[in-house]
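Peer 1: So that you have it, the file is data.txt, and it contains compact mmCIF, C-alpha atoms and all ligand atoms:
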```txt
# COMPACT_ATOMS: atom_id res chain seq x y z
CA MET B 1 83.14 127.97 -128.10
CA ASP B 2 85.20 129.30 -125.27
CA TYR B 3 84.45 132.84 -126.36
CA LEU B 4 80.72 132.22 -126.46
CA HIS B 5 80.88 130.81 -122.93
CA ASN B 6 83.16 133.44 -121.38
CA PRO B 7 83.10 136.60 -123.49
CA ASN B 8 84.27 138.63 -120.48
CA LYS B 9 87.58 136.83 -120.32
CA TYR B 10 88.29 138.17 -123.82
CA ARG B 11 86.89 141.63 -123.23
CA GLU B 12 89.07 142.13 -120.15
CA VAL B 13 92.23 141.74 -122.18
CA GLY B 14 90.80 143.77 -125.01
CA ALA B 15 90.80 140.92 -127.48
CA ALA B 16 88.19 141.10 -130.21
CA MET B 17 86.64 137.94 -131.54
CA PRO B 18 86.45 137.57 -135.29
CA LYS B 19 82.95 138.29 -136.56
CA GLY B 20 83.06 135.89 -139.40
CA VAL B 21 84.69 132.49 -139.77
CA LEU B 22 84.87 130.83 -143.14
CA LEU B 23 84.98 127.02 -143.31
CA VAL B 24 86.53 125.98 -146.60
CA GLY B 25 87.10 122.55 -148.08
CA PRO B 26 85.91 120.01 -150.62
CA PRO B 27 82.29 118.78 -150.59
CA GLY B 28 81.36 116.05 -148.13
CA THR B 29 84.01 116.79 -145.51
CA GLY B 30 81.49 117.76 -142.82
CA LYS B 31 81.74 121.55 -142.77
CA THR B 32 78.05 121.99 -141.97
CA MET B 33 78.26 119.28 -139.33
CA LEU B 34 81.23 121.02 -137.75
CA ALA B 35 79.35 124.34 -137.56
CA LYS B 36 76.36 122.65 -135.93
CA ALA B 37 78.65 120.84 -133.52
CA VAL B 38 80.20 124.15 -132.45
CA ALA B 39 76.75 125.61 -131.74
CA GLY B 40 75.75 122.44 -129.90
CA GLU B 41 78.88 122.35 -127.74
CA ALA B 42 78.72 126.06 -127.00
CA ASN B 43 75.06 125.58 -126.15
CA VAL B 44 73.91 128.73 -127.94
CA PRO B 45 71.09 129.30 -130.48
CA PHE B 46 71.93 128.41 -134.06
CA PHE B 47 70.44 130.34 -136.99
CA SER B 48 70.97 128.66 -140.29
CA ILE B 49 70.38 129.72 -143.86
CA SER B 50 71.73 128.63 -147.19
CA GLY B 51 73.19 131.12 -149.65
CA SER B 52 71.24 129.61 -152.51
CA GLU B 53 67.98 130.13 -150.60
CA PHE B 54 68.62 133.86 -150.58
CA VAL B 55 68.79 134.00 -154.34
CA GLU B 56 66.26 131.32 -155.24
CA MET B 57 63.43 131.39 -152.75
CA PHE B 58 63.32 134.99 -151.78
CA VAL B 59 63.43 136.76 -155.09
CA GLY B 60 63.32 140.45 -154.37
CA MET B 61 63.53 139.78 -150.66
CA GLY B 62 67.11 138.68 -150.13
CA ALA B 63 68.19 141.92 -148.45
CA ALA B 64 65.12 142.00 -146.19
CA LYS B 65 65.75 138.38 -145.25
CA VAL B 66 69.32 139.23 -144.21
CA ARG B 67 68.06 142.14 -142.09
CA ASP B 68 65.53 139.87 -140.35
CA LEU B 69 68.10 137.19 -139.73
CA PHE B 70 70.51 139.58 -138.04
CA LYS B 71 67.76 141.27 -136.06
CA GLN B 72 66.78 137.92 -134.57
CA ALA B 73 70.38 136.95 -134.02
CA LYS B 74 71.20 140.15 -132.12
CA GLU B 75 68.19 139.61 -129.85
CA LYS B 76 69.30 136.05 -129.08
CA ALA B 77 73.04 136.79 -128.67
CA PRO B 78 75.30 135.05 -127.87
CA CYS B 79 74.52 132.89 -130.86
CA ILE B 80 75.86 131.48 -134.10
CA VAL B 81 74.59 132.50 -137.52
CA PHE B 82 75.36 129.87 -140.08
CA ILE B 83 75.42 130.61 -143.82
CA ASP B 84 75.75 127.57 -146.05
CA GLU B 85 77.03 127.97 -149.64
CA ILE B 86 78.00 131.59 -149.12
CA ASP B 87 79.46 131.70 -152.64
CA ALA B 88 75.88 131.78 -153.98
CA ILE B 89 75.55 135.37 -152.72
CA GLY B 90 79.17 136.30 -152.19
CA LYS B 91 80.65 135.83 -155.67
CA LYS B 92 83.09 138.41 -156.96
CA ARG B 93 81.23 141.38 -158.39
CA GLU B 94 83.74 143.02 -160.70
CA GLY B 95 83.64 142.36 -164.40
CA GLN B 96 80.01 141.31 -164.54
CA ILE B 97 78.17 143.41 -167.02
CA GLY B 98 74.57 143.86 -165.96
CA GLY B 99 75.26 141.61 -162.98
CA ASN B 100 72.74 140.05 -160.69
CA ASP B 101 71.04 142.92 -158.84
CA GLU B 102 69.24 140.62 -156.47
CA ARG B 103 72.44 138.96 -155.37
CA GLU B 104 74.32 142.22 -155.14
CA GLN B 105 71.70 143.78 -152.89
CA THR B 106 71.72 140.74 -150.67
CA LEU B 107 75.50 140.80 -150.44
CA ASN B 108 75.55 144.53 -149.68
CA GLN B 109 73.02 144.03 -146.92
CA LEU B 110 75.14 141.25 -145.44
CA LEU B 111 78.22 143.49 -145.49
CA THR B 112 76.27 146.32 -143.88
CA GLU B 113 75.00 144.05 -141.13
CA MET B 114 78.46 142.69 -140.44
CA ASP B 115 79.90 146.18 -140.15
CA GLY B 116 76.90 147.32 -138.11
CA PHE B 117 77.26 145.05 -135.16
CA GLU B 118 80.04 145.79 -132.83
CA GLU B 119 82.93 143.58 -131.96
CA ASN B 120 82.13 141.31 -129.06
CA SER B 121 78.39 141.62 -129.54
CA GLY B 122 78.21 137.86 -129.16
CA VAL B 123 77.10 137.07 -132.70
CA ILE B 124 79.51 134.85 -134.60
CA ILE B 125 78.91 134.12 -138.24
CA LEU B 126 80.10 130.82 -139.63
CA ALA B 127 79.97 130.47 -143.39
CA VAL B 128 80.79 127.53 -145.60
CA THR B 129 82.14 127.39 -149.11
CA ASN B 130 84.04 125.05 -151.38
CA ARG B 131 85.11 127.81 -153.74
CA PRO B 132 86.89 130.33 -151.54
CA GLU B 133 88.72 131.86 -154.50
CA SER B 134 85.43 132.99 -156.03
CA LEU B 135 84.36 135.08 -153.03
CA ASP B 136 84.14 138.85 -153.25
CA PRO B 137 87.20 140.41 -151.58
CA ALA B 138 84.82 142.68 -149.64
CA LEU B 139 83.64 139.59 -147.76
CA THR B 140 87.06 138.27 -146.85
CA ARG B 141 88.78 141.48 -145.77
CA PRO B 142 89.65 142.07 -142.09
CA GLY B 143 86.62 142.71 -139.90
CA ARG B 144 84.42 140.44 -141.95
CA PHE B 145 85.16 136.81 -142.81
CA ASP B 146 88.80 137.14 -141.90
CA ARG B 147 89.25 133.72 -140.35
CA ARG B 148 89.59 130.73 -142.56
CA VAL B 149 89.34 127.18 -141.24
CA PRO B 150 90.36 124.54 -143.78
CA VAL B 151 88.26 121.38 -143.56
CA GLU B 152 90.20 118.94 -145.72
CA LEU B 153 89.67 115.32 -146.71
CA PRO B 154 90.54 113.05 -143.77
CA ASP B 155 93.92 111.28 -143.64
CA LEU B 156 94.36 107.61 -142.77
CA LYS B 157 93.90 108.10 -139.03
CA GLY B 158 90.98 110.46 -139.65
CA ARG B 159 89.25 107.97 -141.94
CA GLU B 160 89.61 105.23 -139.37
CA GLU B 161 88.07 107.40 -136.64
CA ILE B 162 85.21 108.55 -138.91
CA LEU B 163 84.44 104.94 -139.87
CA LYS B 164 84.28 104.01 -136.19
CA VAL B 165 81.82 106.81 -135.47
CA HIS B 166 79.46 105.79 -138.29
CA ALA B 167 79.88 102.09 -137.47
CA LYS B 168 78.36 102.63 -134.01
CA LYS B 169 74.96 102.47 -135.70
CA VAL B 170 75.50 98.99 -137.18
CA LYS B 171 76.16 95.52 -135.77
CA LEU B 172 79.66 94.31 -136.57
CA ALA B 173 81.25 90.89 -136.92
CA ASP B 174 84.50 90.19 -135.02
CA ASP B 175 86.62 90.17 -138.17
CA VAL B 176 86.14 93.87 -138.97
CA ASN B 177 89.43 95.75 -139.13
CA PHE B 178 88.87 99.48 -139.55
CA SER B 179 92.50 100.17 -140.24
CA THR B 180 92.41 98.00 -143.40
CA VAL B 181 89.12 99.52 -144.50
CA ALA B 182 90.44 103.05 -143.93
CA ARG B 183 93.56 102.25 -145.96
CA MET B 184 91.48 100.92 -148.85
CA ALA B 185 89.17 103.96 -148.78
CA SER B 186 92.01 106.34 -149.55
CA GLY B 187 90.75 109.76 -150.70
CA ALA B 188 87.20 109.23 -149.39
CA SER B 189 85.39 112.12 -147.70
CA GLY B 190 83.46 111.84 -144.43
CA ALA B 191 80.18 111.61 -146.33
CA GLU B 192 81.55 108.83 -148.53
CA LEU B 193 82.76 106.91 -145.48
CA ALA B 194 79.26 107.14 -143.96
CA ASN B 195 77.97 105.84 -147.27
CA ILE B 196 80.44 102.93 -147.22
CA ILE B 197 79.21 101.82 -143.78
CA ASN B 198 75.59 102.01 -144.89
CA GLU B 199 76.25 100.10 -148.12
CA ALA B 200 77.93 97.38 -146.07
CA ALA B 201 74.88 97.16 -143.76
CA LEU B 202 72.56 96.92 -146.78
CA ARG B 203 74.71 94.13 -148.20
CA ALA B 204 74.50 92.22 -144.90
CA VAL B 205 70.69 92.48 -144.98
CA ARG B 206 70.57 91.26 -148.59
CA ASP B 207 72.65 88.25 -147.55
CA GLY B 208 70.23 87.54 -144.70
CA ARG B 209 72.83 88.21 -142.02
CA LYS B 210 72.37 90.14 -138.78
CA PHE B 211 75.83 91.71 -138.75
CA VAL B 212 78.33 93.47 -141.02
CA THR B 213 81.55 91.66 -141.95
CA GLU B 214 84.91 92.84 -143.22
CA ALA B 215 83.96 91.47 -146.67
CA ASP B 216 80.82 93.65 -146.69
CA LEU B 217 82.91 96.73 -145.97
CA GLU B 218 85.50 95.92 -148.61
CA GLU B 219 82.83 95.24 -151.22
CA SER B 220 81.02 98.48 -150.38
CA ILE B 221 84.22 100.49 -150.90
CA GLU B 222 84.24 99.08 -154.41
CA VAL B 223 80.56 99.97 -154.81
CA VAL B 224 81.29 103.55 -153.81
CA ILE B 225 84.36 103.74 -156.09
CA ALA B 226 83.18 101.78 -159.13
CA GLY B 227 79.45 101.09 -158.76
CA TYR B 228 77.60 97.83 -158.24
CA GLN B 229 78.56 94.56 -159.89
CA LYS B 230 76.78 94.27 -163.19
CA LYS B 231 75.67 90.68 -162.90
CA ASN B 232 73.94 90.49 -166.26
CA ALA B 233 76.79 91.97 -168.29
CA ILE B 234 78.00 89.21 -170.55
CA LEU B 235 81.44 89.58 -171.99
CA THR B 236 82.56 87.34 -174.81
CA ASN B 237 85.39 84.99 -173.94
CA LYS B 238 87.73 87.04 -176.06
CA GLU B 239 86.76 90.25 -174.26
CA LYS B 240 87.14 88.61 -170.90
CA GLN B 241 90.57 87.45 -171.92
CA ILE B 242 91.58 90.93 -173.03
CA VAL B 243 90.32 92.44 -169.77
CA SER B 244 92.25 89.81 -167.77
CA TYR B 245 95.48 90.65 -169.55
CA HIS B 246 94.77 94.37 -169.27
CA GLU B 247 94.31 94.28 -165.48
CA ILE B 248 97.26 91.94 -164.91
CA GLY B 249 99.27 94.34 -167.06
CA HIS B 250 98.57 97.16 -164.60
CA ALA B 251 99.26 94.98 -161.58
CA LEU B 252 102.45 93.46 -162.95
CA VAL B 253 103.97 96.77 -164.00
CA ALA B 254 103.13 98.17 -160.54
CA ALA B 255 104.60 95.18 -158.73
CA LEU B 256 107.81 94.98 -160.74
CA GLN B 257 108.77 98.61 -160.16
CA SER B 258 110.06 99.77 -156.81
CA HIS B 259 108.20 102.64 -155.06
CA SER B 260 104.77 101.39 -156.13
CA ALA B 261 101.83 100.86 -153.80
CA PRO B 262 101.15 97.14 -153.29
CA VAL B 263 98.33 95.49 -155.22
CA GLN B 264 95.36 94.74 -152.96
CA LYS B 265 92.89 93.19 -155.34
CA ILE B 266 92.29 92.59 -159.04
CA THR B 267 88.88 91.91 -160.49
CA ILE B 268 87.33 91.52 -163.93
CA ILE B 269 83.68 91.66 -162.82
CA PRO B 270 82.04 94.52 -164.75
CA ARG B 271 80.67 97.41 -162.69
CA THR B 272 77.75 99.76 -163.25
CA SER B 273 80.20 102.65 -163.67
CA GLY B 274 81.24 101.07 -166.96
CA ALA B 275 84.55 99.70 -165.67
CA LEU B 276 85.12 96.18 -166.99
CA GLY B 277 87.63 95.43 -164.30
CA TYR B 278 90.12 97.15 -162.09
CA THR B 279 93.25 96.80 -160.06
CA MET B 280 93.18 98.21 -156.56
CA GLN B 281 96.47 99.42 -155.16
CA VAL B 282 96.62 100.43 -151.54
CA GLU B 283 99.29 102.61 -149.94
CA GLU B 284 100.73 101.32 -146.68
CA GLY B 285 100.36 104.58 -144.82
CA ASN B 286 99.84 108.26 -145.39
CA HIS B 287 101.74 109.84 -148.24
CA TYR B 288 102.32 113.56 -148.19
CA LEU B 289 105.18 113.73 -150.66
CA MET B 290 105.62 111.97 -153.96
CA SER B 291 108.98 111.68 -155.65
CA LYS B 292 109.58 112.10 -159.37
CA GLU B 293 110.34 108.37 -159.65
CA GLU B 294 107.09 107.48 -157.93
CA MET B 295 105.15 109.65 -160.32
CA GLU B 296 106.90 108.18 -163.34
CA ASN B 297 106.21 104.69 -162.07
CA LYS B 298 102.57 105.61 -161.60
CA ILE B 299 102.35 106.71 -165.22
CA ALA B 300 103.97 103.44 -166.29
CA THR B 301 101.39 101.57 -164.21
CA TYR B 302 98.54 103.45 -165.93
CA THR B 303 99.94 102.46 -169.31
CA GLY B 304 100.45 98.85 -168.17
CA GLY B 305 96.95 97.72 -169.18
CA ARG B 306 97.26 98.88 -172.75
CA ALA B 307 100.86 97.62 -172.89
CA ALA B 308 99.68 94.11 -172.01
CA GLU B 309 97.10 94.19 -174.83
CA GLU B 310 99.84 95.20 -177.26
CA VAL B 311 102.35 92.61 -176.07
CA VAL B 312 99.85 89.75 -176.10
CA PHE B 313 97.33 90.52 -178.85
CA GLY B 314 99.28 92.91 -181.02
CA SER B 315 96.26 95.21 -181.17
CA VAL B 316 94.62 97.76 -178.89
CA THR B 317 91.09 98.38 -177.54
CA THR B 318 89.03 101.26 -176.14
CA GLY B 319 89.51 99.81 -172.63
CA ALA B 320 92.35 102.16 -171.76
CA SER B 321 90.49 105.47 -172.11
CA ASN B 322 90.47 106.24 -168.40
CA ASP B 323 94.11 105.15 -168.01
CA ILE B 324 95.07 107.52 -170.80
CA GLU B 325 93.29 110.40 -169.10
CA GLN B 326 94.97 109.71 -165.75
CA ALA B 327 98.44 109.22 -167.21
CA THR B 328 98.18 112.45 -169.18
CA LYS B 329 96.97 114.44 -166.20
CA LEU B 330 99.86 113.22 -164.07
CA ALA B 331 102.46 113.81 -166.77
CA ARG B 332 101.15 117.32 -167.39
CA ALA B 333 101.18 118.16 -163.68
CA MET B 334 104.79 116.95 -163.36
CA ILE B 335 105.87 119.36 -166.06
CA THR B 336 103.63 122.38 -165.49
CA ARG B 337 103.19 122.40 -161.72
CA TYR B 338 105.82 120.30 -159.97
CA GLY B 339 108.89 121.52 -161.83
CA MET B 340 109.97 118.01 -162.76
CA SER B 341 111.20 118.65 -166.29
CA GLU B 342 114.66 119.93 -167.09
CA GLU B 343 113.48 122.34 -169.74
CA PHE B 344 111.03 124.33 -167.65
CA ASP B 345 112.81 123.98 -164.33
CA MET B 346 110.94 125.58 -161.43
CA VAL B 347 108.57 127.73 -163.46
CA ALA B 348 104.84 127.39 -162.96
CA MET B 349 103.14 126.94 -166.31
CA GLU B 350 99.74 126.25 -164.87
CA THR B 351 97.73 127.50 -161.93
CA VAL B 352 95.04 125.62 -160.06
CA THR B 353 91.79 127.57 -160.14
CA ASN B 354 89.32 125.35 -158.36
CA GLN B 355 91.21 123.75 -155.54
CA TYR B 356 88.29 122.04 -153.83
CA LEU B 357 86.12 121.17 -156.81
CA GLY B 358 88.09 118.90 -159.08
CA GLY B 359 91.18 121.13 -159.18
CA ASP B 360 90.78 122.64 -162.63
CA THR B 361 93.86 124.30 -163.99
CA SER B 362 94.52 127.10 -166.41
CA LEU B 363 97.67 127.55 -168.45
CA ALA B 364 99.78 130.60 -167.73
CA CYS B 365 102.23 130.70 -170.59
CA SER B 366 102.61 131.66 -174.22
CA ALA B 367 101.21 129.62 -177.08
CA GLU B 368 104.74 128.56 -178.10
CA THR B 369 105.48 127.30 -174.61
CA GLN B 370 102.18 125.43 -174.59
CA ALA B 371 103.23 123.61 -177.73
CA ARG B 372 106.53 122.65 -176.10
CA ILE B 373 104.72 121.49 -172.97
CA ASP B 374 102.50 119.27 -175.10
CA GLU B 375 105.58 117.74 -176.69
CA LYS B 376 107.13 117.10 -173.27
CA VAL B 377 103.93 115.47 -172.00
CA VAL B 378 103.81 113.14 -174.99
CA GLU B 379 107.51 112.32 -174.58
CA LEU B 380 107.09 111.51 -170.88
CA VAL B 381 104.06 109.27 -171.34
CA LYS B 382 105.70 107.51 -174.31
CA GLN B 383 108.82 106.81 -172.28
CA GLN B 384 106.83 105.23 -169.44
CA HIS B 385 104.64 103.31 -171.89
CA GLN B 386 107.80 101.84 -173.45
CA LYS B 387 109.08 100.93 -170.01
CA ALA B 388 105.79 99.12 -169.27
CA ILE B 389 105.99 97.21 -172.57
CA GLN B 390 109.54 96.21 -171.76
CA ILE B 391 108.65 95.00 -168.26
CA LEU B 392 105.77 92.91 -169.60
CA THR B 393 107.76 91.47 -172.49
CA GLU B 394 110.53 90.42 -170.11
CA ASN B 395 108.00 88.78 -167.81
CA ARG B 396 105.72 87.35 -170.48
CA GLN B 397 105.49 83.96 -168.77
CA LYS B 398 104.23 85.48 -165.52
CA LEU B 399 101.85 87.68 -167.46
CA ASP B 400 100.27 84.63 -169.13
CA GLU B 401 100.15 82.64 -165.93
CA LEU B 402 98.52 85.45 -163.91
CA ALA B 403 96.06 86.42 -166.66
CA LYS B 404 94.89 82.81 -166.94
CA PHE B 405 94.43 82.63 -163.17
CA LEU B 406 92.43 85.89 -163.13
CA TYR B 407 90.37 84.79 -166.14
CA GLU B 408 89.30 81.67 -164.26
CA LYS B 409 88.75 83.20 -160.82
CA GLU B 410 87.49 86.68 -161.88
CA THR B 411 88.63 88.20 -158.59
CA ILE B 412 92.01 87.60 -156.98
CA THR B 413 93.61 89.06 -153.89
CA GLY B 414 96.95 90.81 -153.67
CA GLU B 415 98.39 87.80 -151.81
CA GLU B 416 97.34 85.35 -154.52
CA PHE B 417 98.86 87.67 -157.08
CA MET B 418 102.16 88.00 -155.20
CA GLY B 419 102.18 84.24 -154.53
CA ILE B 420 102.22 83.41 -158.25
CA LEU B 421 104.56 86.26 -159.05
CA ASN B 422 107.11 85.42 -156.42
CA HIS B 423 107.95 82.02 -157.48
CA SER B 424 111.10 82.81 -159.28
CA VAL B 425 111.06 86.19 -160.85
CA THR B 426 113.68 88.88 -160.76
CA PRO B 427 112.22 92.31 -159.90
CA LYS B 428 113.74 95.24 -161.69
ZN ZN B 501 93.24 100.06 -167.38
```
Rewrite the structure of this file - the entire thing - as structure tokens.
Peer 2:
Amino acid sequence: MDYLHNPNKYREVGAAMPKGVLLVGPPGTGKTMLAKAVAGEANVPFFSISGSEFVEMFVGMGAAKVRDLFKQAKEKAPCIVFIDEIDAIGKKREGQIGGNDEREQTLNQLLTEMDGFEENSGVIILAVTNRPESLDPALTRPGRFDRRVPVELPDLKGREEILKVHAKKVKLADDVNFSTVARMASGASGAELANIINEAALRAVRDGRKFVTEADLEESIEVVIAGYQKKNAILTNKEKQIVSYHEIGHALVAALQSHSAPVQKITIIPRTSGALGYTMQVEEGNHYLMSKEEMENKIATYTGGRAAEEVVFGSVTTGASNDIEQATKLARAMITRYGMSEEFDMVAMETVTNQYLGGDTSLACSAETQARIDEKVVELVKQQHQKAIQILTENRQKLDELAKFLYEKETITGEEFMGILNHSVTPK
């Protein structure tokens, strides 16, 4: 912004502004909004186009469209040219047999234009992508998009501030505490936080109220995480009992291990996402590091639901499928990426390929090693599963008492849970 206002200040010293700035980060973090805000604050014209438009709408015209865009931009300089989804035209070219001629021509034209205009011509190109690793190296080399601005998911403080901004549009009750809401919405993007506020406002209207309460906000976090309550889903008494034990199993294993996030809420009201119930754990503050013990305890907590079914009913159900997935993912990451197994020490067995879109990984080791990794993963999960079974067996009385309470009330708070737990129990 400062450069667009006072280009001379930079020219005098001989500093060249970067031509291209790449905003990278996961979807929904406000990259487009940020680019628009820069143009708005700098008070310069803003030309915007989406990468996918080049390839979809203008078949056979992508290159001409790029030429036009830059012609206009140079006339209006200083200005900002904004390219959304640049990966749609800027994907790596090598190794594609046949390739996409249309896209290649468009990309070549873009590169030509970027090289064509001189440094300090007053045109700054902002581009957005959530797959920076897939971009053609020709785009990211010096003189082109050589600046990278990471736009990550907001932290606790960030979430609180974002919630406050979106909440300006709605009427709030006095009991709203954004710090609690922000803590519960851990991992939410800016777009999801906006959605949470809106869901809460919709809920207030449905209830015939003129303002949004803390309860509305908390419920809407659950809507965004797990979907709406499925009011007409009828569980048999036996199923409801199993779900109660399953959820208390998670909560109890979490609570009886040290280094676990406190339980905020447990519910067995089915959701449209298919979840029959869930246990919400909320971290006290921001966590940037996780110890090996914390990760192990987390795996034990994931297995806690199934463990409770085994301890109480002596049989197992399909209810743990998501837990199994999560536990496995964590166990695998500990071994292949975080160097937390003795056998493999600090050797990376896996690399993350899609950092901002789900974080897919690919194995980087021999088939024999893969087999050993699989064994280690099974061993680790088994160990934690056994630990969970042991914890629940030793605290069977509390397990029964809490499951009965949850069965009757359907939703209980973390305080209610701790209240029952804390009369006379020895944590391990
Ligand atoms: Zn579960």
Peer 1: Give one line per residue of chain B that approaches ligand ZN 501 (chain B) to at most 12 Å, naming the two atoms of the closest pair and their distance in Å to one decimal, counting all atoms listed in the file; sort by chain then ascending residue number and deliver it as a tab-separated table.
Peer 2:
```
residue	atom	partner	partner_atom	distance
B:Ile242	CA	B:ZN501	ZN	10.9
B:Val243	CA	B:ZN501	ZN	8.5
B:Ser244	CA	B:ZN501	ZN	10.3
B:Tyr245	CA	B:ZN501	ZN	9.9
B:His246	CA	B:ZN501	ZN	6.2
B:Glu247	CA	B:ZN501	ZN	6.2
B:Ile248	CA	B:ZN501	ZN	9.4
B:Gly249	CA	B:ZN501	ZN	8.3
B:His250	CA	B:ZN501	ZN	6.7
B:Ala251	CA	B:ZN501	ZN	9.8
B:Val253	CA	B:ZN501	ZN	11.7
B:Ile266	CA	B:ZN501	ZN	11.2
B:Thr267	CA	B:ZN501	ZN	11.5
B:Ile268	CA	B:ZN501	ZN	10.9
B:Ala275	CA	B:ZN501	ZN	8.9
B:Leu276	CA	B:ZN501	ZN	9.0
B:Gly277	CA	B:ZN501	ZN	7.9
B:Tyr278	CA	B:ZN501	ZN	6.8
B:Thr279	CA	B:ZN501	ZN	8.0
B:Met280	CA	B:ZN501	ZN	11.0
B:Ile299	CA	B:ZN501	ZN	11.5
B:Ala300	CA	B:ZN501	ZN	11.3
B:Thr301	CA	B:ZN501	ZN	8.9
B:Tyr302	CA	B:ZN501	ZN	6.5
B:Thr303	CA	B:ZN501	ZN	7.4
B:Gly304	CA	B:ZN501	ZN	7.4
B:Gly305	CA	B:ZN501	ZN	4.7
B:Arg306	CA	B:ZN501	ZN	6.8
B:Ala307	CA	B:ZN501	ZN	9.7
B:Ala308	CA	B:ZN501	ZN	9.9
B:Glu309	CA	B:ZN501	ZN	10.2
B:Val316	CA	B:ZN501	ZN	11.8
B:Thr317	CA	B:ZN501	ZN	10.5
B:Thr318	CA	B:ZN501	ZN	9.8
B:Gly319	CA	B:ZN501	ZN	6.4
B:Ala320	CA	B:ZN501	ZN	4.9
B:Ser321	CA	B:ZN501	ZN	7.7
B:Asn322	CA	B:ZN501	ZN	6.8
B:Asp323	CA	B:ZN501	ZN	5.2
B:Ile324	CA	B:ZN501	ZN	8.4
B:Glu325	CA	B:ZN501	ZN	10.5
B:Gln326	CA	B:ZN501	ZN	9.9
B:Ala327	CA	B:ZN501	ZN	10.5
```
Peer 1: Keeping only C-alpha atoms, write those residues as a PDB file, keeping the file's coordinate frame.
Peer 2:
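Okay, selection30.pdb is ready:
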```
ATOM      1  CA  ILE B 242      91.580  90.930-173.030  1.00  0.00           C
ATOM      2  CA  VAL B 243      90.320  92.440-169.770  1.00  0.00           C
ATOM      3  CA  SER B 244      92.250  89.810-167.770  1.00  0.00           C
ATOM      4  CA  TYR B 245      95.480  90.650-169.550  1.00  0.00           C
ATOM      5  CA  HIS B 246      94.770  94.370-169.270  1.00  0.00           C
ATOM      6  CA  GLU B 247      94.310  94.280-165.480  1.00  0.00           C
ATOM      7  CA  ILE B 248      97.260  91.940-164.910  1.00  0.00           C
ATOM      8  CA  GLY B 249      99.270  94.340-167.060  1.00  0.00           C
ATOM      9  CA  HIS B 250      98.570  97.160-164.600  1.00  0.00           C
ATOM     10  CA  ALA B 251      99.260  94.980-161.580  1.00  0.00           C
ATOM     11  CA  VAL B 253     103.970  96.770-164.000  1.00  0.00           C
ATOM     12  CA  ILE B 266      92.290  92.590-159.040  1.00  0.00           C
ATOM     13  CA  THR B 267      88.880  91.910-160.490  1.00  0.00           C
ATOM     14  CA  ILE B 268      87.330  91.520-163.930  1.00  0.00           C
ATOM     15  CA  ALA B 275      84.550  99.700-165.670  1.00  0.00           C
ATOM     16  CA  LEU B 276      85.120  96.180-166.990  1.00  0.00           C
ATOM     17  CA  GLY B 277      87.630  95.430-164.300  1.00  0.00           C
ATOM     18  CA  TYR B 278      90.120  97.150-162.090  1.00  0.00           C
ATOM     19  CA  THR B 279      93.250  96.800-160.060  1.00  0.00           C
ATOM     20  CA  MET B 280      93.180  98.210-156.560  1.00  0.00           C
ATOM     21  CA  ILE B 299     102.350 106.710-165.220  1.00  0.00           C
ATOM     22  CA  ALA B 300     103.970 103.440-166.290  1.00  0.00           C
ATOM     23  CA  THR B 301     101.390 101.570-164.210  1.00  0.00           C
ATOM     24  CA  TYR B 302      98.540 103.450-165.930  1.00  0.00           C
ATOM     25  CA  THR B 303      99.940 102.460-169.310  1.00  0.00           C
ATOM     26  CA  GLY B 304     100.450  98.850-168.170  1.00  0.00           C
ATOM     27  CA  GLY B 305      96.950  97.720-169.180  1.00  0.00           C
ATOM     28  CA  ARG B 306      97.260  98.880-172.750  1.00  0.00           C
ATOM     29  CA  ALA B 307     100.860  97.620-172.890  1.00  0.00           C
ATOM     30  CA  ALA B 308      99.680  94.110-172.010  1.00  0.00           C
ATOM     31  CA  GLU B 309      97.100  94.190-174.830  1.00  0.00           C
ATOM     32  CA  VAL B 316      94.620  97.760-178.890  1.00  0.00           C
ATOM     33  CA  THR B 317      91.090  98.380-177.540  1.00  0.00           C
ATOM     34  CA  THR B 318      89.030 101.260-176.140  1.00  0.00           C
ATOM     35  CA  GLY B 319      89.510  99.810-172.630  1.00  0.00           C
ATOM     36  CA  ALA B 320      92.350 102.160-171.760  1.00  0.00           C
ATOM     37  CA  SER B 321      90.490 105.470-172.110  1.00  0.00           C
ATOM     38  CA  ASN B 322      90.470 106.240-168.400  1.00  0.00           C
ATOM     39  CA  ASP B 323      94.110 105.150-168.010  1.00  0.00           C
ATOM     40  CA  ILE B 324      95.070 107.520-170.800  1.00  0.00           C
ATOM     41  CA  GLU B 325      93.290 110.400-169.100  1.00  0.00           C
ATOM     42  CA  GLN B 326      94.970 109.710-165.750  1.00  0.00           C
ATOM     43  CA  ALA B 327      98.440 109.220-167.210  1.00  0.00           C
TER      44      ALA B 327
END
```
Peer 1: Tell me, in Å to one decimal, how far CA of Asn6 (chain B) is from CA of Ala37 (chain B).
Peer 2: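 CA of Ala37 (chain B) lies 18.1 Å from CA of Asn6 (chain B).
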Peer 1: Need to verify the contact set: Gly62 (chain B), 12 Å, all atoms listed in the file, exclusion of same-chain residues closer than 4 positions in sequence. Can you return it as a list in words?
Peer 2: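 Using all atoms listed in the file, the neighbours found are Ile49, Ser50, Gly51, Ser52, Glu53, Phe54, Val55, Glu56, Met57, Phe58, Val66, Arg67, Asp68, Leu69, Ala88, Ile89, Asp101, Glu102, Arg103, Glu104, Gln105, Thr106, Leu107, Asn108, Gln109 and Leu110 of chain B.
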Peer 1: List every protein, DNA or RNA residue that has at least one atom no more than 9 Å from (76.3, 128.6, -142.5) in the file's coordinates, counting all atoms listed in the file, and write the result as a list in words.
Peer 2: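 Selection result: Leu22, Leu23, Lys31, Thr32, Ala35, Lys36, Phe47, Ser48, Ile49, Ser50, Gly51, Ile80, Val81, Phe82, Ile83, Asp84, Glu85, Ile86, Ile125, Leu126, Ala127, Val128 and Thr129 of chain B.
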